$ cat data-v5.txt   # compact mmCIF, C-alpha atoms
# COMPACT_ATOMS: atom_id res chain seq x y z
CA THR A 1 -17.10 -13.39 -38.35
CA GLN A 2 -14.93 -13.43 -35.26
CA LEU A 3 -15.03 -16.52 -33.04
CA LEU A 4 -14.87 -16.85 -29.28
CA LYS A 5 -13.70 -20.15 -27.80
CA GLN A 6 -14.47 -20.95 -24.21
CA SER A 7 -12.79 -23.54 -22.03
CA PRO A 8 -13.37 -25.77 -20.33
CA GLN A 9 -16.72 -26.77 -21.79
CA PHE A 10 -17.83 -28.44 -18.54
CA LEU A 11 -16.62 -28.01 -14.97
CA SER A 12 -17.85 -29.86 -11.89
CA ILE A 13 -16.36 -28.87 -8.56
CA GLN A 14 -17.05 -29.01 -4.84
CA GLU A 15 -18.25 -26.04 -2.84
CA GLY A 16 -15.34 -23.93 -1.61
CA GLU A 17 -13.00 -24.66 -4.54
CA ASN A 18 -11.59 -21.99 -6.83
CA LEU A 19 -11.91 -22.09 -10.60
CA THR A 20 -11.00 -20.19 -13.74
CA VAL A 21 -12.75 -20.25 -17.11
CA TYR A 22 -11.32 -18.83 -20.28
CA CYS A 23 -12.53 -17.03 -23.37
CA ASN A 24 -10.10 -16.83 -26.29
CA SER A 25 -10.08 -15.44 -29.79
CA SER A 26 -7.61 -14.92 -32.61
CA SER A 27 -9.22 -11.53 -33.23
CA VAL A 28 -9.08 -8.32 -31.27
CA PHE A 29 -12.26 -7.20 -29.54
CA SER A 30 -12.93 -3.62 -28.50
CA SER A 31 -14.66 -5.01 -25.41
CA LEU A 32 -16.04 -8.24 -24.03
CA GLN A 33 -18.95 -9.15 -21.81
CA TRP A 34 -19.56 -12.07 -19.46
CA TYR A 35 -23.03 -13.46 -18.85
CA ARG A 36 -24.41 -16.17 -16.58
CA GLN A 37 -27.41 -18.22 -17.65
CA GLU A 38 -29.36 -20.41 -15.27
CA PRO A 39 -31.62 -23.24 -16.46
CA GLY A 40 -34.89 -21.95 -17.86
CA GLU A 41 -33.70 -18.37 -17.90
CA GLY A 42 -32.07 -15.97 -20.34
CA PRO A 43 -28.45 -14.84 -19.89
CA VAL A 44 -27.81 -12.09 -17.36
CA LEU A 45 -24.95 -9.66 -17.82
CA LEU A 46 -22.23 -9.89 -15.17
CA VAL A 47 -19.60 -7.46 -16.43
CA THR A 48 -18.24 -5.57 -19.43
CA VAL A 49 -14.47 -5.18 -19.82
CA VAL A 50 -13.26 -2.54 -22.24
CA THR A 51 -9.55 -1.83 -21.60
CA GLY A 52 -6.70 -4.23 -22.33
CA GLY A 53 -5.31 -5.51 -19.03
CA GLU A 54 -8.40 -4.44 -17.13
CA VAL A 55 -9.38 -6.37 -14.01
CA LYS A 56 -12.85 -6.10 -12.54
CA LYS A 57 -14.11 -7.68 -9.35
CA LEU A 58 -17.68 -8.57 -8.50
CA LYS A 59 -17.69 -10.06 -5.00
CA ARG A 60 -16.05 -13.49 -5.43
CA LEU A 61 -15.79 -13.14 -9.23
CA THR A 62 -12.72 -11.61 -10.87
CA PHE A 63 -12.75 -10.78 -14.57
CA GLN A 64 -9.64 -10.00 -16.59
CA PHE A 65 -9.29 -8.70 -20.14
CA GLY A 66 -6.04 -9.64 -21.85
CA ASP A 67 -3.51 -6.95 -22.72
CA ALA A 68 -3.98 -7.66 -26.43
CA ARG A 69 -7.78 -7.69 -26.04
CA LYS A 70 -8.02 -11.16 -27.59
CA ASP A 71 -8.83 -13.11 -24.44
CA SER A 72 -10.54 -12.87 -21.10
CA SER A 73 -10.84 -14.96 -17.97
CA LEU A 74 -13.28 -15.35 -15.13
CA HIS A 75 -12.00 -16.53 -11.77
CA ILE A 76 -14.37 -17.59 -9.00
CA THR A 77 -13.07 -17.84 -5.46
CA ALA A 78 -14.66 -20.23 -2.97
CA ALA A 79 -17.41 -21.36 -5.35
CA GLN A 80 -20.90 -21.85 -3.97
CA PRO A 81 -23.82 -23.93 -5.30
CA GLY A 82 -25.49 -20.66 -6.30
CA ASP A 83 -22.70 -20.11 -8.83
CA THR A 84 -23.96 -23.07 -10.85
CA GLY A 85 -24.89 -22.10 -14.38
CA LEU A 86 -23.68 -21.54 -17.92
CA TYR A 87 -21.03 -18.81 -18.20
CA LEU A 88 -20.92 -17.10 -21.58
CA CYS A 89 -18.51 -14.57 -22.98
CA ALA A 90 -19.62 -12.25 -25.77
CA GLY A 91 -18.11 -9.62 -27.99
CA LEU A 92 -19.13 -7.44 -30.87
CA ASP A 93 -18.69 -8.92 -34.32
CA GLY A 94 -16.39 -6.41 -35.96
CA GLY A 95 -17.60 -7.27 -39.44
CA SER A 96 -21.10 -6.03 -38.81
CA GLN A 97 -22.88 -3.06 -37.35
CA GLY A 98 -22.46 -4.56 -33.96
CA ASN A 99 -24.32 -7.74 -33.19
CA LEU A 100 -23.10 -9.73 -30.22
CA ILE A 101 -21.33 -13.02 -30.85
CA PHE A 102 -21.16 -15.54 -28.06
CA GLY A 103 -18.82 -18.32 -27.08
CA LYS A 104 -20.46 -21.70 -26.52
CA GLY A 105 -20.08 -21.31 -22.78
CA THR A 106 -18.71 -23.14 -19.77
CA LYS A 107 -21.25 -25.18 -17.86
CA LEU A 108 -20.35 -24.98 -14.18
CA SER A 109 -21.76 -27.27 -11.52
CA VAL A 110 -20.88 -26.60 -7.89
CA LYS A 111 -21.78 -29.45 -5.55
CA PRO A 112 -22.51 -28.84 -1.88
CA LYS B 1 -39.78 -2.17 -14.12
CA ALA B 2 -41.01 -5.14 -16.12
CA GLY B 3 -38.38 -7.21 -17.87
CA VAL B 4 -38.33 -8.60 -21.38
CA THR B 5 -41.37 -10.78 -21.99
CA GLN B 6 -41.38 -13.59 -24.50
CA THR B 7 -44.45 -15.57 -25.46
CA PRO B 8 -45.19 -18.36 -25.58
CA ARG B 9 -42.68 -20.01 -23.21
CA TYR B 10 -43.06 -23.43 -24.79
CA LEU B 11 -44.24 -24.53 -28.19
CA ILE B 12 -44.49 -27.86 -30.00
CA LYS B 13 -44.89 -27.81 -33.76
CA THR B 14 -44.84 -30.33 -36.57
CA ARG B 15 -42.36 -30.31 -39.43
CA GLY B 16 -43.54 -28.10 -42.26
CA GLN B 17 -45.61 -25.82 -40.08
CA GLN B 18 -44.79 -22.22 -39.37
CA VAL B 19 -44.47 -20.45 -36.04
CA THR B 20 -44.52 -16.88 -34.74
CA LEU B 21 -42.76 -15.90 -31.54
CA SER B 22 -43.28 -12.63 -29.72
CA CYS B 23 -41.01 -10.39 -27.69
CA SER B 24 -42.01 -7.33 -25.65
CA PRO B 25 -38.92 -5.30 -24.72
CA ILE B 26 -38.38 -3.28 -21.59
CA SER B 27 -40.33 -0.04 -21.78
CA GLY B 28 -38.27 2.61 -23.54
CA HIS B 29 -35.91 0.16 -25.23
CA ARG B 30 -35.86 0.48 -28.99
CA SER B 31 -33.38 -2.25 -29.92
CA VAL B 32 -34.46 -5.88 -30.03
CA SER B 33 -32.16 -8.75 -30.99
CA TRP B 34 -33.06 -12.39 -31.52
CA TYR B 35 -30.85 -15.41 -30.86
CA GLN B 36 -31.17 -19.15 -31.32
CA GLN B 37 -29.61 -21.31 -28.61
CA THR B 38 -28.87 -25.02 -29.09
CA PRO B 39 -26.59 -27.34 -27.12
CA GLY B 40 -24.35 -27.91 -30.12
CA GLN B 41 -24.04 -24.40 -31.55
CA GLY B 42 -24.61 -22.24 -28.49
CA LEU B 43 -26.14 -18.80 -28.91
CA GLN B 44 -26.31 -17.68 -32.52
CA PHE B 45 -27.43 -14.26 -33.67
CA LEU B 46 -30.54 -14.14 -35.86
CA PHE B 47 -31.32 -10.46 -36.39
CA GLU B 48 -31.50 -7.08 -34.70
CA TYR B 49 -34.11 -4.36 -35.04
CA PHE B 50 -33.89 -0.74 -34.03
CA SER B 51 -36.82 1.63 -34.44
CA GLU B 52 -38.65 -0.79 -36.74
CA THR B 53 -35.64 -1.25 -39.06
CA GLN B 54 -33.67 -4.46 -39.39
CA ARG B 55 -30.09 -3.31 -38.93
CA ASN B 56 -28.33 -6.62 -38.94
CA LYS B 57 -28.98 -10.23 -39.87
CA GLY B 58 -27.14 -13.42 -39.00
CA ASN B 59 -26.41 -16.41 -41.22
CA PHE B 60 -29.79 -18.10 -41.15
CA PRO B 61 -31.92 -19.16 -44.10
CA GLY B 62 -34.73 -16.99 -45.40
CA ARG B 63 -37.26 -19.16 -43.55
CA PHE B 64 -36.35 -17.06 -40.51
CA SER B 65 -37.81 -13.58 -40.59
CA GLY B 66 -38.77 -10.90 -38.15
CA ARG B 67 -40.29 -7.51 -37.73
CA GLN B 68 -40.59 -4.77 -35.17
CA PHE B 69 -43.63 -2.64 -34.50
CA SER B 70 -43.87 1.04 -33.63
CA ASN B 71 -44.17 0.19 -29.93
CA SER B 72 -40.84 -1.73 -30.21
CA ARG B 73 -42.50 -5.12 -29.75
CA SER B 74 -40.96 -7.65 -32.08
CA GLU B 75 -42.00 -10.91 -33.66
CA MET B 76 -39.99 -13.57 -35.40
CA ASN B 77 -41.42 -16.08 -37.79
CA VAL B 78 -40.06 -19.42 -38.92
CA SER B 79 -41.73 -21.02 -41.91
CA THR B 80 -41.55 -24.62 -43.10
CA LEU B 81 -40.20 -25.85 -39.79
CA GLU B 82 -37.45 -28.46 -39.73
CA LEU B 83 -36.42 -30.77 -36.90
CA GLY B 84 -33.18 -28.80 -36.61
CA ASP B 85 -35.10 -25.65 -35.73
CA SER B 86 -35.80 -27.09 -32.28
CA ALA B 87 -34.08 -24.67 -29.93
CA LEU B 88 -34.46 -22.01 -27.28
CA TYR B 89 -35.18 -18.70 -28.98
CA LEU B 90 -34.06 -15.71 -26.96
CA CYS B 91 -34.77 -12.07 -27.43
CA ALA B 92 -32.77 -9.24 -25.88
CA SER B 93 -33.64 -5.58 -25.62
CA SER B 94 -31.44 -2.57 -25.04
CA PHE B 95 -31.92 1.18 -24.91
CA PHE B 96 -29.32 1.92 -27.55
CA ALA B 97 -28.47 -0.19 -30.55
CA PRO B 98 -25.31 -2.24 -29.92
CA GLY B 99 -22.34 0.03 -30.44
CA PRO B 100 -18.62 -0.52 -30.95
CA ASN B 101 -17.82 -0.30 -27.27
CA LEU B 102 -20.65 -2.41 -25.89
CA ASN B 103 -21.85 0.71 -24.13
CA THR B 104 -25.31 -0.60 -23.62
CA GLU B 105 -26.55 -3.53 -21.61
CA ALA B 106 -28.72 -6.13 -23.29
CA PHE B 107 -31.50 -7.63 -21.18
CA PHE B 108 -32.66 -11.09 -22.17
CA GLY B 109 -36.07 -12.65 -21.85
CA GLN B 110 -36.61 -16.19 -20.58
CA GLY B 111 -36.91 -17.48 -24.10
CA THR B 112 -39.34 -19.60 -26.07
CA ARG B 113 -38.55 -23.31 -26.13
CA LEU B 114 -39.56 -24.57 -29.58
CA THR B 115 -39.76 -28.28 -30.23
CA VAL B 116 -40.32 -29.49 -33.78
CA VAL B 117 -41.57 -33.07 -34.11
$ encode --input "data-v5.txt" --output "structure tokens"
Amino acid sequence: TQLLKQSPQFLSIQEGENLTVYCNSSSVFSSLQWYRQEPGEGPVLLVTVVTGGEVKKLKRLTFQFGDARKDSSLHITAAQPGDTGLYLCAGLDGGSQGNLIFGKGTKLSVKP
Amino acid sequence: KAGVTQTPRYLIKTRGQQVTLSCSPISGHRSVSWYQQTPGQGLQFLFEYFSETQRNKGNFPGRFSGRQFSNSRSEMNVSTLELGDSALYLCASSFFAPGPNLNTEAFFGQGTRLTVV
């Protein structure tokens, strides 16, 4: 089973600051997804990256897939309290028919 | 359209009991996956069903089982509950079964919070 390691585990910042969270693996993934989970809710898909070196932007969020397709990052510009939540990266477990495996997540708190 | 519905939302059970959780996928979705989420282990894959067939199973003991009905609704059952089974159980539905290029979006329900005492 492939593993996804996310860092940092916790992040507490002030509104308006920028931040980057990371998702790393020793294995190659054909594609990766990022989800955000708010308390009491299930994860919601933010983006899927499929090409090595790909950069996708979603308003103030920028997602990058590493050239070697072993890592990904999420950068948030000018964070807002509404960005608070658990950010999860996920990829397909190559040893199976395709179940998603998740990193343990980065818990982000943005204070007003 | 209605999202993924999981029932019940909260459940308290005693050690040794069994529990059944239910998941109604988005209309038209035939793939249902189940995950266990705990603070220590994060989200861990339990099993995935597509058109009533279990296609994939995670590394959980046989006490964890599931099934899918012809209308794509799914249930998971945990027998002989242990304290360590306390977790948020999430189900996700998608139109296609997960493929090698993540070409289908999985939609998650709000989960069932199970507490074993």
$ interface_residues --input "data-v5.txt" --of "chain A" --to "chain B" --cutoff "7 Å" --atoms "all atoms listed in the file" --output "ChimeraX atom specification"
/A:30-31,40-44,92,97-99,101-102,104
$ atom_distance --input "data-v5.txt" --atom1 "CA of Lys56 (chain A)" --atom2 "CA of Leu11 (chain A)"
22.4 Å
$ atom_distance --input "data-v5.txt" --atom1 "CA of Tyr22 (chain A)" --atom2 "CA of Lys111 (chain A)"
21.0 Å
$ closest_residue --input "data-v5.txt" --among "B:Ser74, B:Ser24, B:Val19, B:Val32" --to "Leu100 (chain A)" --atoms "all atoms listed in the file"
B:Val32
$ residues_around --input "data-v5.txt" --residues "Val47 (chain A)" --least-positions-apart "2" --cutoff "6 Å" --atoms "all atoms listed in the file" --output "compact mmCIF listing (two decimals) with C-alpha atoms, keeping the file's coordinate frame"
# COMPACT_ATOMS: atom_id res chain seq x y z
CA GLN A 33 -18.95 -9.15 -21.81
CA TRP A 34 -19.56 -12.07 -19.46
CA LEU A 45 -24.95 -9.66 -17.82
$ closest_residue --input "data-v5.txt" --among "B:Glu82, B:Asn71, B:Ser31, B:Leu21" --to "Gln54 (chain B)" --atoms "only C-alpha atoms"
B:Ser31
$ residues_near_point --input "data-v5.txt" --point "(-16.5, -27.8, -13.3)" --cutoff "12 Å" --atoms "all atoms listed in the file" --output "ChimeraX atom specification"
/A:7-15,17-21,76,79-81,83-87,106-111
$ atom_distance --input "data-v5.txt" --atom1 "CA of Ser65 (chain B)" --atom2 "CA of Gly91 (chain A)"
23.7 Å
$ residues_around --input "data-v5.txt" --residues "Thr14 (chain B)" --least-positions-apart "6" --cutoff "8 Å" --atoms "all atoms listed in the file" --output "compact mmCIF listing (two decimals) with C-alpha atoms, in the coordinates of the input"
# COMPACT_ATOMS: atom_id res chain seq x y z
CA LEU B 81 -40.20 -25.85 -39.79
CA VAL B 116 -40.32 -29.49 -33.78
CA VAL B 117 -41.57 -33.07 -34.11
$ residues_around --input "data-v5.txt" --residues "Asp71 (chain A)" --least-positions-apart "2" --cutoff "12 Å" --atoms "all atoms listed in the file" --output "ChimeraX atom specification"
/A:3-7,21-34,49-54,63-69,73-74,89-91,103
$ axis_aligned_box --input "data-v5.txt" --around "region 92-97 of chain B" --padding-each-side "4 Å" --output "AutoDock Vina command-line options"
--center_x -31.1 --center_y -3.7 --center_z -27.7 --size_x 13.2 --size_y 19.2 --size_z 13.6
